[in-house]
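> Sharing structure_39.cif (mmCIF, C-alpha atoms) below.
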data_upload
loop_
_atom_site.label_atom_id
_atom_site.label_comp_id
_atom_site.auth_asym_id
_atom_site.auth_seq_id
_atom_site.Cartn_x
_atom_site.Cartn_y
_atom_site.Cartn_z
CA MET A 1 45.65 30.63 -31.91
CA LEU A 2 45.98 27.25 -33.69
CA GLU A 3 48.64 26.15 -31.24
CA THR A 4 46.36 27.01 -28.33
CA VAL A 5 43.48 25.00 -29.82
CA HIS A 6 45.90 22.13 -30.39
CA HIS A 7 46.83 22.16 -26.68
CA LEU A 8 43.14 22.24 -25.76
CA ILE A 9 42.46 19.15 -27.90
CA LEU A 10 45.32 17.29 -26.17
CA HIS A 11 43.61 18.05 -22.87
CA VAL A 12 40.34 16.71 -24.27
CA VAL A 13 42.00 13.44 -25.29
CA PHE A 14 43.58 13.00 -21.86
CA ILE A 15 40.32 13.70 -19.99
CA LEU A 16 38.21 11.32 -22.11
CA PHE A 17 40.90 8.63 -21.97
CA THR A 18 41.02 8.88 -18.17
CA ILE A 19 37.22 8.54 -17.92
CA LEU A 20 37.21 5.50 -20.21
CA LEU A 21 40.05 3.96 -18.19
CA PHE A 22 38.03 4.43 -15.00
CA GLN A 23 35.00 2.78 -16.58
CA MET A 24 37.08 -0.21 -17.65
CA PHE A 25 38.08 -1.01 -14.07
CA ALA A 26 34.95 0.15 -12.20
CA ARG A 27 32.50 -2.62 -11.32
CA GLU A 28 28.72 -2.22 -11.65
CA SER A 29 28.28 -2.71 -7.90
CA GLU A 30 30.45 0.35 -7.27
CA LEU A 31 28.40 2.62 -9.53
CA GLY A 32 25.30 4.43 -8.40
CA PRO A 33 23.25 7.54 -9.17
CA LYS A 34 23.92 9.00 -5.71
CA GLY A 35 27.67 8.75 -5.69
CA PHE A 36 30.66 6.85 -7.05
CA ASN A 37 33.54 5.23 -5.22
CA LEU A 38 37.07 6.35 -4.44
CA GLN A 39 38.22 5.34 -7.92
CA PHE A 40 35.96 8.04 -9.38
CA LEU A 41 37.42 10.60 -6.97
CA ALA A 42 40.95 9.55 -7.90
CA MET A 43 40.08 9.88 -11.60
CA ASN A 44 38.96 13.47 -11.15
CA MET A 45 42.05 14.28 -9.07
CA VAL A 46 44.30 12.99 -11.85
CA ILE A 47 42.48 15.22 -14.37
CA VAL A 48 42.77 18.28 -12.10
CA VAL A 49 46.48 17.76 -11.52
CA PHE A 50 47.14 17.22 -15.25
CA THR A 51 45.22 20.32 -16.34
CA MET A 52 46.99 22.47 -13.75
CA VAL A 53 50.46 21.08 -14.49
CA PHE A 54 50.03 21.57 -18.23
CA PRO A 55 47.75 24.61 -18.54
CA VAL A 56 46.95 26.41 -21.77
CA VAL A 57 48.84 29.71 -21.65
CA TYR A 58 47.80 32.52 -23.99
CA SER A 59 50.35 34.80 -25.60
CA SER A 60 49.63 37.50 -23.04
CA GLY A 61 50.27 35.13 -20.14
CA TYR A 62 46.60 34.50 -19.41
CA VAL A 63 46.06 30.90 -18.16
CA TYR A 64 42.98 28.85 -18.92
CA ASP A 65 42.52 25.14 -18.25
CA PHE A 66 39.98 22.32 -17.84
CA LYS A 67 39.91 22.10 -14.04
CA VAL A 68 36.25 23.14 -13.96
CA VAL A 69 35.30 19.84 -15.71
CA PRO A 70 36.41 17.42 -12.94
CA VAL A 71 35.00 19.74 -10.25
CA ILE A 72 31.54 19.69 -11.88
CA LEU A 73 31.71 15.91 -12.43
CA ALA A 74 32.74 15.33 -8.81
CA PHE A 75 29.77 17.30 -7.45
CA ILE A 76 27.03 15.95 -9.74
CA TYR A 77 28.14 12.29 -9.74
CA GLY A 78 30.32 11.90 -6.65
CA GLY A 79 28.22 13.88 -4.20
CA LYS A 80 28.94 16.72 -1.84
CA ARG A 81 31.95 15.08 -0.16
CA ALA A 82 33.64 14.23 -3.44
CA GLY A 83 33.04 17.77 -4.69
CA TYR A 84 34.56 19.36 -1.60
CA ALA A 85 37.51 16.97 -1.81
CA MET A 86 38.13 18.04 -5.40
CA VAL A 87 38.06 21.74 -4.50
CA ILE A 88 40.47 21.15 -1.60
CA VAL A 89 42.89 19.27 -3.88
CA LEU A 90 42.63 22.03 -6.49
CA LEU A 91 43.33 24.80 -3.96
CA ALA A 92 46.17 22.88 -2.28
CA PHE A 93 47.87 22.21 -5.61
CA SER A 94 47.45 25.82 -6.72
CA PHE A 95 48.99 27.03 -3.44
CA LEU A 96 52.00 24.71 -3.82
CA THR A 97 52.61 25.50 -7.50
CA GLY A 98 52.25 29.27 -7.35
CA HIS A 99 48.87 29.64 -9.09
CA VAL A 100 46.68 32.61 -8.26
CA PHE A 101 45.46 31.08 -5.00
CA VAL A 102 43.21 33.90 -3.76
CA ASN A 103 41.27 34.17 -7.01
CA LEU A 104 40.77 30.42 -7.19
CA LEU A 105 39.67 30.32 -3.54
CA VAL A 106 36.98 32.95 -4.09
CA ASN A 107 35.81 31.58 -7.46
CA TYR A 108 35.54 27.92 -6.44
CA ALA A 109 34.05 28.71 -3.04
CA ILE A 110 31.17 30.43 -4.84
CA TYR A 111 31.07 27.69 -7.45
CA SER A 112 30.87 24.97 -4.78
CA LEU A 113 27.97 26.67 -3.01
CA LEU A 114 26.09 26.82 -6.31
CA LEU A 115 26.90 23.21 -7.22
CA ILE A 116 25.39 21.73 -4.05
CA PRO A 117 21.72 22.56 -4.86
CA PHE A 118 22.41 22.27 -8.60
CA SER A 119 23.60 18.65 -8.27
CA LYS A 120 20.36 17.68 -6.49
CA TRP A 121 18.21 19.18 -9.27
CA TYR A 122 20.48 17.64 -11.88
CA ARG A 123 20.07 14.06 -10.59
CA LYS A 124 16.28 14.35 -10.70
CA ALA A 125 16.14 15.74 -14.24
CA GLU A 126 15.67 13.84 -17.49
CA TRP A 127 18.50 13.39 -20.00
CA LYS A 128 17.65 16.35 -22.24
CA LYS A 129 17.09 18.64 -19.28
CA LYS A 130 20.42 17.55 -17.83
CA LEU A 131 22.25 18.71 -20.96
CA LEU A 132 20.47 22.05 -20.90
CA MET A 133 21.07 22.55 -17.18
CA ILE A 134 24.77 21.69 -17.36
CA THR A 135 25.23 23.97 -20.39
CA LEU A 136 23.65 26.98 -18.67
CA PHE A 137 25.54 26.30 -15.47
CA TYR A 138 28.91 25.94 -17.18
CA LEU A 139 28.44 29.19 -19.11
CA LEU A 140 28.65 31.01 -15.76
CA VAL A 141 32.43 30.53 -15.82
CA PRO A 142 33.31 31.86 -19.31
CA GLY A 143 30.49 34.40 -19.05
CA THR A 144 31.94 36.04 -15.96
CA ARG A 145 35.44 35.81 -17.45
CA ALA A 146 34.26 37.51 -20.66
CA ILE A 147 32.80 40.37 -18.59
CA PHE A 148 36.14 40.66 -16.76
CA LEU A 149 38.08 40.84 -20.05
CA LEU A 150 35.73 43.49 -21.43
CA LEU A 151 36.13 45.61 -18.31
CA LYS A 152 39.92 45.28 -18.51
CA GLY A 153 39.95 46.05 -22.23
CA MET A 154 41.61 42.74 -23.18
CA LEU A 155 39.57 42.31 -26.36
CA GLU A 156 42.34 40.33 -28.09
CA GLN A 157 41.70 37.39 -25.76
CA LEU A 158 37.97 37.07 -26.54
CA PRO A 159 38.48 34.83 -29.64
CA LEU A 160 40.68 32.52 -27.56
CA LEU A 161 38.13 32.53 -24.77
CA LEU A 162 35.36 31.66 -27.22
CA SER A 163 37.28 28.75 -28.74
CA SER A 164 38.25 27.47 -25.27
CA THR A 165 34.66 27.71 -24.09
CA VAL A 166 33.37 25.65 -27.03
CA VAL A 167 36.05 22.95 -26.64
CA ILE A 168 35.63 22.64 -22.87
CA TRP A 169 31.83 22.67 -23.13
CA LEU A 170 31.92 19.82 -25.66
CA THR A 171 34.37 17.92 -23.43
CA LEU A 172 32.03 18.31 -20.48
CA LEU A 173 29.04 17.06 -22.49
CA ILE A 174 30.97 14.05 -23.86
CA SER A 175 32.22 13.21 -20.35
CA ILE A 176 28.67 13.35 -18.99
CA TYR A 177 27.45 11.18 -21.87
CA LEU A 178 30.08 8.53 -21.11
CA ILE A 179 29.22 8.49 -17.40
CA GLU A 180 25.45 8.49 -17.98
CA ASN A 181 25.84 5.68 -20.50
CA ARG A 182 27.80 3.67 -17.97
CA LEU A 183 25.12 4.27 -15.34
CA GLU A 184 22.42 3.19 -17.76
CA GLN A 185 24.31 0.00 -18.57
CA ALA A 186 24.64 -0.80 -14.87
CA ARG A 187 20.92 -0.13 -14.35
CA ILE A 188 19.91 -2.34 -17.29
CA LYS A 189 22.13 -5.15 -16.01
CA LYS A 190 20.46 -4.98 -12.59
CA GLU A 191 17.03 -5.03 -14.26
CA LEU A 192 18.02 -8.10 -16.30
CA ILE A 193 19.21 -9.92 -13.18
CA LYS A 194 15.98 -8.97 -11.41
CA ALA A 195 13.91 -10.12 -14.41
CA GLU A 196 15.74 -13.45 -14.40
CA LYS A 197 14.85 -13.90 -10.73
CA PHE A 198 11.20 -13.20 -11.50
CA ASN A 199 11.32 -15.72 -14.33
CA VAL A 200 12.70 -18.42 -12.02
CA VAL A 201 10.04 -17.64 -9.41
CA SER A 202 7.30 -17.78 -12.06
CA GLN A 203 8.41 -21.17 -13.35
CA LEU A 204 8.67 -22.51 -9.82
CA ALA A 205 5.23 -21.12 -8.98
CA ALA A 206 3.49 -22.94 -11.81
CA SER A 207 4.80 -26.34 -10.73
CA VAL A 208 4.44 -25.84 -6.98
CA ALA A 209 0.88 -24.56 -7.16
CA HIS A 210 -0.51 -27.48 -9.16
CA GLU A 211 1.36 -30.16 -7.23
CA ILE A 212 0.62 -28.95 -3.70
CA ARG A 213 -2.66 -27.06 -3.79
CA ASN A 214 -5.00 -30.02 -4.31
CA PRO A 215 -3.64 -32.30 -1.54
CA MET A 216 -3.57 -29.33 0.85
CA THR A 217 -7.24 -28.64 0.18
CA THR A 218 -8.04 -32.31 0.87
CA VAL A 219 -6.10 -32.33 4.15
CA ARG A 220 -7.79 -29.12 5.29
CA GLY A 221 -11.24 -30.59 4.56
CA PHE A 222 -10.58 -33.71 6.62
CA MET A 223 -9.28 -31.61 9.51
CA GLN A 224 -12.46 -29.54 9.49
CA LEU A 225 -14.47 -32.78 9.66
CA LEU A 226 -12.39 -33.97 12.61
CA GLN A 227 -13.24 -30.79 14.53
CA GLY A 228 -16.83 -32.00 14.82
CA GLU A 229 -15.83 -35.27 16.52
CA GLY A 230 -15.63 -35.79 20.28
CA LEU A 231 -12.11 -34.45 20.75
CA SER A 232 -10.45 -32.90 23.75
CA GLU A 233 -9.79 -29.18 23.88
CA GLU A 234 -6.09 -29.78 23.39
CA GLN A 235 -6.73 -31.86 20.27
CA LYS A 236 -9.07 -29.19 18.88
CA THR A 237 -6.37 -26.59 19.49
CA PHE A 238 -3.84 -28.68 17.56
CA ILE A 239 -6.26 -29.05 14.64
CA LYS A 240 -7.03 -25.32 14.68
CA ILE A 241 -3.30 -24.49 14.53
CA SER A 242 -2.82 -27.00 11.70
CA ILE A 243 -5.64 -25.40 9.68
CA GLN A 244 -4.13 -21.94 10.25
CA GLU A 245 -0.76 -23.14 9.00
CA LEU A 246 -2.39 -24.72 5.96
CA ASP A 247 -4.12 -21.41 5.24
CA ARG A 248 -0.80 -19.61 5.53
CA ALA A 249 0.80 -22.06 3.10
CA GLN A 250 -2.16 -21.51 0.77
CA GLU A 251 -1.53 -17.75 0.90
CA VAL A 252 2.12 -18.31 -0.05
CA ILE A 253 1.00 -20.35 -3.06
CA ASN A 254 -1.44 -17.60 -4.07
CA GLN A 255 1.39 -15.09 -3.97
CA TYR A 256 3.51 -17.34 -6.19
CA LEU A 257 0.61 -17.59 -8.61
CA SER A 258 0.31 -13.81 -8.70
CA LEU A 259 3.92 -13.65 -9.89
CA ALA A 260 3.41 -16.41 -12.44
CA LYS A 261 0.17 -14.94 -13.81
CA PRO A 262 0.64 -13.95 -17.48
CA GLN A 263 0.54 -10.21 -18.09
CA THR A 264 -2.59 -9.13 -19.89
CA GLU A 265 -2.70 -6.29 -22.37
CA GLU A 266 -6.40 -5.69 -21.81
CA TYR A 267 -7.28 -3.21 -19.08
CA GLU A 268 -10.48 -1.73 -17.78
CA VAL A 269 -11.00 1.89 -16.85
CA PHE A 270 -12.08 1.98 -13.21
CA SER A 271 -12.42 4.43 -10.35
CA LEU A 272 -9.18 4.61 -8.38
CA SER A 273 -10.93 6.74 -5.76
CA GLU A 274 -13.48 4.00 -5.20
CA ALA A 275 -10.88 1.22 -5.22
CA MET A 276 -8.77 2.98 -2.59
CA SER A 277 -11.77 3.87 -0.39
CA GLU A 278 -12.92 0.25 -0.44
CA SER A 279 -9.42 -0.95 0.46
CA VAL A 280 -9.27 1.45 3.41
CA GLU A 281 -12.65 0.23 4.61
CA VAL A 282 -11.55 -3.40 4.37
CA MET A 283 -8.44 -2.75 6.49
CA SER A 284 -10.13 -0.42 9.01
CA THR A 285 -11.36 -3.32 11.15
CA TYR A 286 -7.90 -4.87 11.27
CA ALA A 287 -6.48 -1.44 12.20
CA VAL A 288 -9.01 -0.92 15.03
CA MET A 289 -8.09 -4.33 16.47
CA ASN A 290 -4.52 -3.01 16.77
CA SER A 291 -5.58 0.40 18.19
CA ILE A 292 -4.62 2.15 14.96
CA GLU A 293 -6.59 4.82 13.13
CA ILE A 294 -6.62 5.08 9.34
CA LYS A 295 -7.36 8.56 8.03
CA LYS A 296 -8.09 9.18 4.37
CA ASP A 297 -8.01 12.13 2.04
CA ILE A 298 -9.00 10.78 -1.36
CA GLU A 299 -9.89 13.09 -4.22
CA GLU A 300 -13.09 12.16 -6.02
CA GLY A 301 -13.22 11.20 -9.68
CA LEU A 302 -9.74 9.69 -9.99
CA MET A 303 -9.71 7.12 -12.81
CA GLY A 304 -7.09 4.54 -13.71
CA LYS A 305 -6.37 1.88 -16.33
CA GLY A 306 -5.73 -1.66 -15.16
CA LEU A 307 -7.48 -4.29 -13.09
CA LYS A 308 -9.34 -2.99 -10.06
CA ILE A 309 -8.84 -6.20 -8.09
CA GLU A 310 -5.06 -5.98 -8.61
CA ILE A 311 -4.65 -2.38 -7.48
CA GLN A 312 -6.81 -3.15 -4.44
CA GLN A 313 -4.39 -5.98 -3.69
CA VAL A 314 -1.59 -3.39 -3.73
CA PHE A 315 -3.45 -0.99 -1.41
CA ILE A 316 -4.42 -3.74 1.05
CA ASN A 317 -0.91 -5.19 1.15
CA ILE A 318 0.72 -1.81 1.85
CA LEU A 319 -1.93 -0.88 4.44
CA LYS A 320 -1.44 -4.25 6.16
CA ASN A 321 2.33 -3.71 6.26
CA ALA A 322 1.78 -0.21 7.69
CA ILE A 323 -0.49 -1.56 10.43
CA GLU A 324 1.99 -4.27 11.37
CA ALA A 325 4.85 -1.72 11.43
CA ILE A 326 3.07 0.27 14.17
CA LYS A 327 3.31 -1.09 17.68
CA GLU A 328 0.30 0.65 19.24
CA ASN A 329 -1.84 3.79 19.11
CA GLY A 330 -0.57 4.64 15.68
CA GLU A 331 -1.96 6.54 12.73
CA ILE A 332 -1.99 5.88 9.01
CA MET A 333 -2.77 8.50 6.38
CA ALA A 334 -4.07 7.29 3.03
CA ALA A 335 -4.33 10.05 0.41
CA ALA A 336 -4.82 10.27 -3.34
CA ALA A 337 -4.86 13.27 -5.64
CA ARG A 338 -4.00 14.35 -9.16
CA ASN A 339 -0.81 16.39 -9.58
CA LYS A 340 -0.18 19.24 -12.02
CA ASP A 341 1.12 16.79 -14.67
CA GLY A 342 -2.14 14.83 -14.65
CA GLN A 343 -0.64 11.87 -12.80
CA ILE A 344 -2.39 10.27 -9.85
CA VAL A 345 -0.27 10.34 -6.69
CA ILE A 346 -1.29 7.92 -3.94
CA THR A 347 0.45 8.08 -0.56
CA ILE A 348 0.16 5.72 2.39
CA LYS A 349 2.06 7.08 5.37
CA ASP A 350 2.46 5.55 8.83
CA ASN A 351 4.21 6.64 12.01
CA GLY A 352 5.66 3.23 12.73
CA ALA A 353 9.18 2.00 13.39
CA GLY A 354 10.53 2.90 9.95
CA MET A 355 13.34 1.20 8.04
CA PRO A 356 17.09 1.80 7.64
CA PRO A 357 18.54 2.67 4.18
CA GLU A 358 19.94 -0.85 3.65
CA GLN A 359 16.42 -2.31 3.90
CA LEU A 360 14.98 0.28 1.51
CA LYS A 361 17.49 -0.71 -1.18
CA VAL A 362 16.23 -4.31 -1.36
CA LEU A 363 12.57 -3.64 -0.65
CA GLY A 364 10.36 -5.42 -3.18
CA SER A 365 12.96 -8.04 -4.06
CA PRO A 366 11.77 -11.66 -4.14
CA TYR A 367 12.09 -13.52 -0.82
CA TYR A 368 13.13 -10.41 1.12
CA SER A 369 10.95 -9.69 4.14
CA THR A 370 11.35 -7.87 7.45
CA LYS A 371 8.65 -10.05 9.04
CA GLU A 372 9.47 -13.21 10.95
CA LYS A 373 6.89 -15.26 8.99
CA GLY A 374 6.94 -13.20 5.81
CA THR A 375 7.68 -14.72 2.40
CA GLY A 376 9.00 -11.56 0.76
CA LEU A 377 6.53 -11.95 -2.10
CA GLY A 378 3.78 -9.53 -1.06
CA LEU A 379 5.61 -6.34 -2.00
CA THR A 380 7.19 -8.07 -5.01
CA VAL A 381 3.69 -8.67 -6.37
CA CYS A 382 2.77 -5.03 -5.61
CA TYR A 383 5.76 -3.72 -7.57
CA GLN A 384 4.86 -5.98 -10.50
CA ILE A 385 1.22 -4.82 -10.56
CA VAL A 386 2.14 -1.13 -10.45
CA LYS A 387 4.78 -1.64 -13.14
CA ARG A 388 2.17 -3.28 -15.41
CA MET A 389 -0.01 -0.21 -14.91
CA LYS A 390 2.90 1.99 -16.16
CA GLY A 391 3.43 3.41 -12.69
CA GLU A 392 6.11 3.40 -10.03
CA ILE A 393 6.42 2.98 -6.28
CA ILE A 394 8.66 5.30 -4.25
CA VAL A 395 9.40 4.47 -0.62
CA LYS A 396 10.80 6.88 1.94
CA SER A 397 11.48 5.81 5.49
CA GLU A 398 13.36 6.86 8.59
CA LEU A 399 13.97 4.86 11.72
CA GLY A 400 11.57 5.97 14.43
CA ASN A 401 9.62 8.30 12.11
CA GLY A 402 7.63 5.88 9.99
CA THR A 403 7.42 5.01 6.31
CA THR A 404 5.73 6.62 3.31
CA PHE A 405 4.74 4.63 0.22
CA THR A 406 4.07 6.81 -2.82
CA ILE A 407 2.42 5.23 -5.84
CA ILE A 408 2.45 7.30 -9.05
CA LEU A 409 0.05 6.17 -11.78
CA PRO A 410 -0.87 7.71 -15.13
CA GLY A 411 -4.21 9.49 -14.94
CA THR A 412 -7.21 8.67 -17.12
CA CYS A 413 -10.15 10.86 -18.15
CA SER A 414 -13.34 9.91 -16.33
CA GLY A 415 -15.26 9.83 -19.59
CA GLN A 416 -13.39 6.78 -20.92
CA GLY A 417 -14.82 3.35 -20.49
CA GLY A 418 -14.70 -0.25 -21.62
CA GLN A 419 -11.46 -2.06 -22.26
CA LEU A 420 -8.26 -0.71 -23.69
CA ARG A 421 -5.55 -2.51 -25.60
#
Can the structure from this file be put into structure tokens for me?


Amino acid sequence: MLETVHHLILHVVFILFTILLFQMFARESELGPKGFNLQFLAMNMVIVVFTMVFPVVYSSGYVYDFKVVPVILAFIYGGKRAGYAMVIVLLAFSFLTGHVFVNLLVNYAIYSLLLIPFSKWYRKAEWKKKLLMITLFYLLVPGTRAIFLLLKGMLEQLPLLLSSTVVIWLTLLISIYLIENRLEQARIKKELIKAEKFNVVSQLAASVAHEIRNPMTTVRGFMQLLQGEGLSEEQKTFIKISIQELDRAQEVINQYLSLAKPQTEEYEVFSLSEAMSESVEVMSTYAVMNSIEIKKDIEEGLMGKGLKIEIQQVFINILKNAIEAIKENGEIMAAAARNKDGQIVITIKDNGAGMPPEQLKVLGSPYYSTKEKGTGLGLTVCYQIVKRMKGEIIVKSELGNGTTFTIILPGTCSGQGGQLR
């Protein structure tokens, strides 16, 4: 019994050492919540081969090892392809080394089918729920094996099975903690880099706005005066274009100022339903000019905490982008409702051209824009405003099928009023 536990602990040390070794050489750019790189797959293959080459053999000849750990890790962090690759390696190695191939084939075929939907639910869950989910899922393996031993009357192996289950379960939890911690570090590093970019933009905005805004206003005023003089049509056209370009430059400066604006801790309670309805009304004329219809389904009585003028800026910006993404005869659906958790879910969906995955990844980053004359600051400001309101923006898009912006904001009781700190 003690010798068996000793062998199990050696397996634990090898598995954790291999994971730490992988993390030492893996770069942050190669880590992601939807799947790791080939190094991660190779790490799991090494663990599988080791556990199968040096299995824990009970006195009665019953074999039990840690191969379930890398299979679970491959599915929940490497994705479906990595999971299938691990199962194929496991089965191929068992076939070549004389393991019970048929039993493994049946067991891991069932296990793989269960891990596919499980891994999707797992990625969406919070940290505590992840631990509970992985615990319940893992217990399927020793649970079914315990039933098998009871039916066969092999009661002497139950203590060994129990000790193995505890050791392997703890190994799985520690492995998940190490990987989740690494993911969190990579996420925080990206956030710090992004925050540094925002800081640079904010500092630049403060200087640019004050130095350029006043002379631009003066130039625009003189051009408007010149329009009243006896000029030719061509000269008037040139002045009109110049004024339009000055207005566009002024809009760019305003967007910089929105980024540089200090964050306030004082918020008002306002009607989100009213703010969204007004935003839709404002953009309806622009939509009609482009042969686009905006439909709305806004629940009454939705209240939010923040600045009404800022959230309207978010709605108008997203609606404007949706209109410009549709070529002709399109449709936009603007909806808002409270979900079962009390949050306010706002969706703005269009049937425009859509965006590829590589564009979605950088959407909202400073200076990134899909428009020819875009500055890449409009959506950046939107993300900042929603973040200040303790909310989040989720974007889903598919080429040829349009884009859906989902804004999730914390709900507020309609009876509240005044300002909150």

> Kindly give the distance, in Å, that separates CA of Ile294 (chain A) and CA of Ile326 (chain A), rounded to a single decimal.

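About the pair CA of Ile294 (chain A) and CA of Ile326 (chain A): they are 11.8 Å apart.
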
> Place a sphere of radius 8 Å on (-11.9, 6.1, -12.3) in the file coordinates and name every protein, DNA or RNA residue with an atom inside or on its surface, counting all atoms listed in the file; give the answer as an NGL selection string.

:A and (269-274 or 301-304 or 412-414)

> Restricting it to C-alpha atoms, dump the selection as an mmCIF file, keeping the file's coordinate frame.


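Saved as result21.cif:
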data_model
loop_
_atom_site.group_PDB
_atom_site.id
_atom_site.type_symbol
_atom_site.label_atom_id
_atom_site.label_comp_id
_atom_site.auth_asym_id
_atom_site.auth_seq_id
_atom_site.Cartn_x
_atom_site.Cartn_y
_atom_site.Cartn_z
ATOM 1 C CA VAL A 269 -11.000 1.890 -16.850
ATOM 2 C CA PHE A 270 -12.080 1.980 -13.210
ATOM 3 C CA SER A 271 -12.420 4.430 -10.350
ATOM 4 C CA LEU A 272 -9.180 4.610 -8.380
ATOM 5 C CA SER A 273 -10.930 6.740 -5.760
ATOM 6 C CA GLU A 274 -13.480 4.000 -5.200
ATOM 7 C CA GLY A 301 -13.220 11.200 -9.680
ATOM 8 C CA LEU A 302 -9.740 9.690 -9.990
ATOM 9 C CA MET A 303 -9.710 7.120 -12.810
ATOM 10 C CA GLY A 304 -7.090 4.540 -13.710
ATOM 11 C CA THR A 412 -7.210 8.670 -17.120
ATOM 12 C CA CYS A 413 -10.150 10.860 -18.150
ATOM 13 C CA SER A 414 -13.340 9.910 -16.330
#

> Applied to the shown file, which residues does the PyMOL selection byres ((chain A and resi 298) around 10) return, written as an mmCIF file with C-alpha atoms, in the coordinates of the input?


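Listing of result_28.cif after writing:
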data_model
loop_
_atom_site.group_PDB
_atom_site.id
_atom_site.type_symbol
_atom_site.label_atom_id
_atom_site.label_comp_id
_atom_site.auth_asym_id
_atom_site.auth_seq_id
_atom_site.Cartn_x
_atom_site.Cartn_y
_atom_site.Cartn_z
ATOM 1 C CA LEU A 272 -9.180 4.610 -8.380
ATOM 2 C CA SER A 273 -10.930 6.740 -5.760
ATOM 3 C CA GLU A 274 -13.480 4.000 -5.200
ATOM 4 C CA MET A 276 -8.770 2.980 -2.590
ATOM 5 C CA SER A 277 -11.770 3.870 -0.390
ATOM 6 C CA LYS A 295 -7.360 8.560 8.030
ATOM 7 C CA LYS A 296 -8.090 9.180 4.370
ATOM 8 C CA ASP A 297 -8.010 12.130 2.040
ATOM 9 C CA GLU A 299 -9.890 13.090 -4.220
ATOM 10 C CA GLU A 300 -13.090 12.160 -6.020
ATOM 11 C CA GLY A 301 -13.220 11.200 -9.680
ATOM 12 C CA LEU A 302 -9.740 9.690 -9.990
ATOM 13 C CA ALA A 334 -4.070 7.290 3.030
ATOM 14 C CA ALA A 335 -4.330 10.050 0.410
ATOM 15 C CA ALA A 336 -4.820 10.270 -3.340
ATOM 16 C CA ALA A 337 -4.860 13.270 -5.640
ATOM 17 C CA ARG A 338 -4.000 14.350 -9.160
ATOM 18 C CA ILE A 346 -1.290 7.920 -3.940
ATOM 19 C CA THR A 347 0.450 8.080 -0.560
#

> Written as a ChimeraX atom specification, which residues does the PyMOL selection byres ((chain A and resi 239) around 12) give for the file shown?

/A:219-229,231-238,240-246

> What is the distance between CA of Phe95 (chain A) and CA of Ile9 (chain A), in Å to one decimal?

26.5 Å

> Skipping near chain neighbours, those fewer than 3 positions away, what residues fall within 12 Å of Thr165 (chain A) using all atoms listed in the file, listed as a PyMOL selection string?

chain A and resi 5+8+64-66+68-69+135+138-146+158-162+168-172

> List the residues matched by the PyMOL selection byres ((chain A and resi 385) around 10) in the displayed structure as a list in words, ordered by chain and then by residue number.

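Selected by the PyMOL selection byres ((chain A and resi 385) around 10) here: Ser258, Leu259, Gln263, Gly306, Leu307, Glu310, Ile311, Gln313, Val314, Leu379, Thr380, Val381, Cys382, Tyr383, Gln384, Val386, Lys387, Arg388, Met389, Lys390, Gly391 and Glu392 of chain A.
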
> When you look at Asn351 (chain A) with a cut-off of 9 Å (counting all atoms listed in the file), what residues show up, excluding the ones that are within fewer than 5 positions of it in the same chain? I need them as a list in words.

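Selected residues are Ala322, Ala325, Ile326, Gly330, Glu331, Ile332, Gly400, Asn401, Gly402, Thr403 and Thr404 of chain A.
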
> Counting only C-alpha atoms, figure out which residue out of A:Asn214, A:Gln359, A:Ser291, A:Asn339 gets nearest to Ile408 (chain A).

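Ranked by minimum distance to Ile408 (chain A), first place goes to A:Asn339.
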